[in-house]
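This is work03.cif. It holds mmCIF, C-alpha atoms.
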```cif
data_upload
#
loop_
_atom_site.label_atom_id
_atom_site.label_comp_id
_atom_site.auth_asym_id
_atom_site.auth_seq_id
_atom_site.Cartn_x
_atom_site.Cartn_y
_atom_site.Cartn_z
CA MET A 220 0.00 0.00 0.00
CA GLY A 221 1.49 3.30 -1.05
CA LEU A 222 0.16 6.36 0.73
CA GLY A 223 -0.45 9.74 -0.86
CA ASN A 224 -3.13 12.23 -1.87
CA PRO A 225 -5.26 11.85 -5.00
CA GLY A 226 -5.31 14.50 -7.70
CA ARG A 227 -2.89 16.09 -10.14
CA GLU A 228 -2.01 18.95 -7.81
CA TYR A 229 -0.41 16.46 -5.37
CA GLU A 230 1.23 14.16 -7.93
CA HIS A 231 4.89 14.89 -7.28
CA THR A 232 4.73 16.30 -3.77
CA ARG A 233 6.72 14.98 -0.84
CA HIS A 234 3.56 13.53 0.72
CA ASN A 235 3.04 11.35 -2.36
CA ALA A 236 6.33 9.46 -2.08
CA GLY A 237 4.39 6.27 -1.25
CA PHE A 238 2.32 6.59 -4.43
CA GLN A 239 5.45 7.28 -6.46
CA ALA A 240 7.25 4.17 -5.13
CA VAL A 241 4.26 1.95 -5.93
CA GLU A 242 4.06 3.48 -9.41
CA ARG A 243 7.72 2.56 -9.97
CA LEU A 244 7.13 -0.98 -8.74
CA LEU A 245 4.23 -1.33 -11.17
CA ALA A 246 6.18 0.19 -14.07
CA LYS A 247 8.91 -2.40 -13.58
CA HIS A 248 6.88 -5.50 -12.72
CA ALA A 249 3.52 -4.87 -14.40
CA PRO A 250 4.11 -2.39 -17.23
CA GLY A 251 0.90 -1.33 -18.91
CA ALA A 252 -1.31 -2.91 -16.25
CA VAL A 253 -4.57 -1.06 -15.76
CA GLY A 254 -5.73 -0.51 -12.21
CA LYS A 255 -9.28 -0.89 -10.96
CA ARG A 256 -11.12 1.27 -8.48
CA ARG A 257 -11.84 -0.81 -5.39
CA PHE A 258 -11.60 -0.28 -1.66
CA GLN A 259 -11.62 3.52 -2.22
CA ALA A 260 -8.32 3.02 -4.03
CA LEU A 261 -6.57 2.33 -7.31
CA VAL A 262 -5.75 -1.36 -7.18
CA HIS A 263 -3.38 -3.37 -9.36
CA GLU A 264 -2.94 -7.12 -9.11
CA VAL A 265 0.50 -8.37 -10.09
CA GLN A 266 1.79 -11.91 -10.42
CA GLY A 267 5.32 -12.24 -9.14
CA GLU A 268 7.30 -15.42 -8.56
CA GLY A 269 4.14 -17.46 -8.10
CA LYS A 270 2.48 -14.98 -5.75
CA ARG A 271 -0.46 -12.67 -6.18
CA ILE A 272 0.52 -9.18 -5.12
CA VAL A 273 -2.07 -6.45 -4.64
CA ALA A 274 -0.70 -2.92 -5.00
CA LEU A 275 -3.03 -0.29 -3.63
CA ARG A 276 -2.99 3.52 -3.67
CA PRO A 277 -5.82 4.91 -1.52
CA GLN A 278 -7.86 7.62 -3.21
CA THR A 279 -9.02 9.03 0.09
CA PHE A 280 -6.86 11.87 1.28
CA MET A 281 -3.80 10.99 3.35
CA ASN A 282 -5.47 11.49 6.73
CA LEU A 283 -8.18 8.95 5.78
CA SER A 284 -5.88 6.32 4.22
CA GLY A 285 -6.76 3.79 6.89
CA GLN A 286 -10.34 3.52 5.61
CA SER A 287 -9.12 2.22 2.27
CA VAL A 288 -6.37 0.02 3.70
CA ALA A 289 -8.73 -1.56 6.26
CA GLU A 290 -11.35 -2.23 3.58
CA ALA A 291 -8.76 -4.07 1.47
CA VAL A 292 -7.32 -5.96 4.46
CA ARG A 293 -10.78 -7.20 5.47
CA TYR A 294 -11.94 -8.13 1.97
CA LEU A 295 -8.69 -9.90 1.08
CA ASN A 296 -8.62 -11.59 4.49
CA MET A 297 -5.07 -10.39 5.12
CA ASP A 298 -3.01 -10.83 8.25
CA PRO A 299 -1.47 -7.34 8.55
CA ALA A 300 1.50 -8.64 10.57
CA ARG A 301 2.48 -10.99 7.71
CA GLU A 302 0.91 -9.57 4.56
CA LEU A 303 0.64 -5.80 4.81
CA LEU A 304 3.39 -3.42 3.74
CA VAL A 305 2.81 0.35 3.78
CA VAL A 306 5.10 2.71 1.85
CA TYR A 307 5.05 6.39 2.83
CA ASP A 308 6.95 9.65 3.26
CA ASP A 309 8.86 10.39 6.46
CA LEU A 310 9.94 13.83 7.71
CA ASP A 311 12.44 12.35 10.15
CA LEU A 312 14.60 10.87 7.39
CA PRO A 313 16.80 13.03 5.19
CA VAL A 314 15.81 13.37 1.55
CA GLY A 315 16.94 10.30 -0.35
CA ARG A 316 17.08 7.84 2.56
CA ILE A 317 14.77 4.89 3.07
CA ARG A 318 14.20 2.88 6.21
CA LEU A 319 12.29 -0.35 6.71
CA ARG A 320 10.53 -1.25 9.97
CA GLU A 321 8.55 -4.32 10.99
CA LYS A 322 6.08 -2.40 13.15
CA GLY A 323 5.79 0.64 15.37
CA GLY A 324 3.91 3.82 16.06
CA SER A 325 2.87 6.54 13.67
CA GLY A 326 5.77 8.90 14.32
CA GLY A 327 3.21 11.69 13.96
CA HIS A 328 2.33 10.71 10.37
CA ASN A 329 -1.43 11.19 9.96
CA GLY A 330 -1.77 8.58 7.20
CA ILE A 331 -0.12 5.95 9.41
CA LYS A 332 -2.24 7.07 12.39
CA SER A 333 -5.29 6.42 10.22
CA VAL A 334 -4.05 2.98 9.14
CA ILE A 335 -3.26 1.98 12.75
CA SER A 336 -6.67 3.21 13.90
CA HIS A 337 -8.63 1.44 11.16
CA ILE A 338 -6.86 -1.92 11.18
CA GLY A 339 -6.67 -1.96 14.96
CA GLY A 340 -2.93 -2.11 15.54
CA ASP A 341 0.56 -1.14 14.47
CA ASP A 342 1.91 -4.60 13.67
CA PHE A 343 2.58 -4.20 9.94
CA ALA A 344 5.71 -3.65 7.85
CA ARG A 345 6.68 -0.24 6.51
CA VAL A 346 9.01 1.31 3.98
CA ARG A 347 9.65 4.93 4.95
CA ILE A 348 10.97 7.36 2.35
CA GLY A 349 12.85 10.41 3.59
CA VAL A 350 11.45 13.77 2.56
CA GLY A 351 13.40 15.90 5.08
CA ARG A 352 12.27 18.33 7.74
CA PRO A 353 10.73 21.66 6.78
CA PRO A 354 12.95 24.72 6.89
CA VAL A 355 12.59 26.96 9.93
CA GLY A 356 9.36 28.92 9.72
CA VAL A 357 7.67 26.55 7.26
CA ALA A 358 4.69 24.55 8.54
CA VAL A 359 4.89 20.76 8.18
CA ILE A 360 1.75 20.64 6.01
CA ASP A 361 3.17 23.26 3.67
CA HIS A 362 6.44 21.33 3.44
CA VAL A 363 4.93 17.94 2.63
CA LEU A 364 2.68 19.45 -0.03
CA THR A 365 5.62 20.95 -1.93
CA ARG A 366 7.59 19.34 -4.72
CA PHE A 367 11.24 18.42 -4.34
CA SER A 368 13.86 20.91 -5.50
CA LYS A 369 15.99 20.01 -8.52
CA PRO A 370 18.99 19.01 -6.35
CA GLU A 371 16.72 16.85 -4.15
CA ARG A 372 15.02 15.20 -7.15
CA GLU A 373 18.01 13.02 -8.05
CA LEU A 374 18.28 11.74 -4.47
CA VAL A 375 14.53 11.14 -4.32
CA ASP A 376 14.48 9.27 -7.63
CA GLU A 377 17.12 6.86 -6.32
CA ALA A 378 15.26 6.46 -3.03
CA LEU A 379 11.96 5.75 -4.81
CA ASP A 380 13.65 3.07 -6.92
CA ARG A 381 15.15 1.49 -3.78
CA ALA A 382 11.80 1.70 -1.95
CA ALA A 383 10.03 0.01 -4.87
CA GLU A 384 12.64 -2.73 -4.95
CA ALA A 385 12.44 -3.18 -1.17
CA ALA A 386 8.66 -3.52 -1.42
CA TRP A 387 8.98 -6.07 -4.23
CA GLN A 388 11.55 -8.11 -2.31
CA ALA A 389 9.39 -7.95 0.83
CA CYS A 390 6.67 -9.73 -1.13
CA HIS A 391 9.05 -12.63 -1.78
CA SER A 392 11.44 -12.85 1.17
CA ALA A 393 11.35 -12.70 4.94
CA PHE A 394 11.02 -9.07 5.98
CA PRO A 395 13.99 -9.12 8.43
CA VAL A 396 16.22 -10.25 5.56
CA VAL A 397 14.94 -7.44 3.34
CA MET A 398 15.42 -4.95 6.21
CA ASN A 399 19.03 -6.04 6.66
CA HIS A 400 19.68 -5.53 2.96
CA PHE A 401 18.09 -2.08 2.63
CA ASN A 402 18.71 -0.53 6.07
CA VAL A 403 22.33 0.36 5.45
#
```

Structure re-expressed in structure tokens:
Amino acid sequence: MGLGNPGREYEHTRHNAGFQAVERLLAKHAPGAVGKRRFQALVHEVQGEGKRIVALRPQTFMNLSGQSVAEAVRYLNMDPARELLVVYDDLDLPVGRIRLREKGGSGGHNGIKSVISHIGGDDFARVRIGVGRPPVGVAVIDHVLTRFSKPERELVDEALDRAAEAAWQACHSAFPVVMNHFNV
């Protein structure tokens, strides 16, 4: 599940890093696949190494992401601790860094707060993509709704590729092994 905000005006903003990583995963592993609208989301089903992988981008706004994720988890009868991976932006990581975690709190991220609230716990894997802290005097909401600067874009592009690859590998390998590979 990649978190972000729907709509063209948010397409390449910091807050849409989760969407962007899922889009890269799909471009590489399911080029040309057409998504369906389900679970208040854009949903793509991908076959990979004998597994069915469901890639979801909620079309609720970020703060309501949990509604969509919970709907999908219930319908697909998923065990979040073993089968859910959420990809999202993180202010506490520098631009261009990614970090994988097996579970944990929201870290103040409203999309993750929503997911935790709607699925009833924080025991699910995450890929966090660094978008950096806002400059002094800039509100967090204003920062996450801006696009990356040109110098940041190269770092972000590499991070999005790594996040997409980490998500793909997490679908096929034990998450601690994937964490050890990507958390360097």

Can I get the residues of region 232-279 of chain A within 12 Å of region 313-319 of chain A, each with the closest pair of atoms and their distance in Å to one decimal, using all atoms listed in the file, sorted chain first then ascending number, as a Markdown table?
```
| residue | atom | partner | partner_atom | distance |
| --- | --- | --- | --- | --- |
| A:Arg233 | CA | A:Val314 | CA | 9.5 |
| A:Ala236 | CA | A:Gly315 | CA | 10.8 |
| A:Gly237 | CA | A:Ile317 | CA | 11.3 |
| A:Ala240 | CA | A:Ile317 | CA | 11.1 |
```

Using C-alpha atoms, can you export the residues from the last selection as a tab-separated table (two decimals), keeping the file's coordinate frame?
```tsv
chain	number	residue	atom	x	y	z
A	233	ARG	CA	6.72	14.98	-0.84
A	236	ALA	CA	6.33	9.46	-2.08
A	237	GLY	CA	4.39	6.27	-1.25
A	240	ALA	CA	7.25	4.17	-5.13
```

Practice problem: Let me know the residues the PyMOL selection byres ((chain A and resi 252-261) around 6) catches in the file above, as a list in words. | Solution: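 Against this file, the PyMOL selection byres ((chain A and resi 252-261) around 6) returns the residues Ala249, Pro250, Gly251, Val262, His263, Leu275, Arg276, Pro277, Gln278, Ser287, Glu290 and Ala291 of chain A.
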
Quiz item: What does the PyMOL selection byres ((chain A and resi 336-348) around 8) select in this file, as an NGL selection string?
Solution: :A and (236-237 or 285-286 or 288-289 or 292 or 299-309 or 312 or 314-324 or 332-335 or 349-350 or 378-379 or 382 or 385-386 or 394)

Suppose a student applies the PyMOL selection byres ((chain A and resi 231) around 12) to this structure; what residues should they get, written as a JSON list (two decimals) with C-alpha atoms, keeping the file's coordinate frame?
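Wrote it out as selection.json, contents follow:
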```json
[["chain", "number", "residue", "atom", "x", "y", "z"],
["A", 223, "GLY", "CA", -0.45, 9.74, -0.86],
["A", 224, "ASN", "CA", -3.13, 12.23, -1.87],
["A", 225, "PRO", "CA", -5.26, 11.85, -5.00],
["A", 226, "GLY", "CA", -5.31, 14.50, -7.70],
["A", 227, "ARG", "CA", -2.89, 16.09, -10.14],
["A", 228, "GLU", "CA", -2.01, 18.95, -7.81],
["A", 229, "TYR", "CA", -0.41, 16.46, -5.37],
["A", 230, "GLU", "CA", 1.23, 14.16, -7.93],
["A", 232, "THR", "CA", 4.73, 16.30, -3.77],
["A", 233, "ARG", "CA", 6.72, 14.98, -0.84],
["A", 234, "HIS", "CA", 3.56, 13.53, 0.72],
["A", 235, "ASN", "CA", 3.04, 11.35, -2.36],
["A", 236, "ALA", "CA", 6.33, 9.46, -2.08],
["A", 237, "GLY", "CA", 4.39, 6.27, -1.25],
["A", 238, "PHE", "CA", 2.32, 6.59, -4.43],
["A", 239, "GLN", "CA", 5.45, 7.28, -6.46],
["A", 240, "ALA", "CA", 7.25, 4.17, -5.13],
["A", 242, "GLU", "CA", 4.06, 3.48, -9.41],
["A", 308, "ASP", "CA", 6.95, 9.65, 3.26],
["A", 350, "VAL", "CA", 11.45, 13.77, 2.56],
["A", 363, "VAL", "CA", 4.93, 17.94, 2.63],
["A", 364, "LEU", "CA", 2.68, 19.45, -0.03],
["A", 365, "THR", "CA", 5.62, 20.95, -1.93],
["A", 366, "ARG", "CA", 7.59, 19.34, -4.72],
["A", 367, "PHE", "CA", 11.24, 18.42, -4.34],
["A", 368, "SER", "CA", 13.86, 20.91, -5.50],
["A", 372, "ARG", "CA", 15.02, 15.20, -7.15],
["A", 375, "VAL", "CA", 14.53, 11.14, -4.32],
["A", 376, "ASP", "CA", 14.48, 9.27, -7.63],
["A", 379, "LEU", "CA", 11.96, 5.75, -4.81]]
```

Practice problem: Give the answer as one residue: which of A:Glu384, A:Leu374, A:Gly326, A:Leu310 has the shortest atom-to-atom distance to Arg352 (chain A), using only C-alpha atoms? | Solution: A:Leu310

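You can rank A:Ser392, A:Asn296, A:Asn329, A:Asn402 by their closest distance to Ser284 (chain A) using only C-alpha atoms, and at the top of that list sits A:Asn329.
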
Could the centre and edge lengths of an axis-aligned box, enclosing all atoms of region 266-275 of chain A in the file with 8 Å extra on each side, be given in Å to one decimal as lines of an AutoDock Vina configuration file?
```
center_x = 2.1
center_y = -8.9
center_z = -7.0
size_x = 26.3
size_y = 33.2
size_z = 22.8
```

Practice problem: Find the distance between CA of Gly269 (chain A) and CA of Cys390 (chain A) and write it in Å to one decimal. | Solution: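 Separating CA of Gly269 (chain A) from CA of Cys390 (chain A) is a distance of 10.7 Å.
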
Exercise. Please measure the separation of CA of Pro395 (chain A) and CA of Arg381 (chain A), giving the value in Å to one decimal.
Key: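 Distance reported for this atom pair: 16.2 Å.
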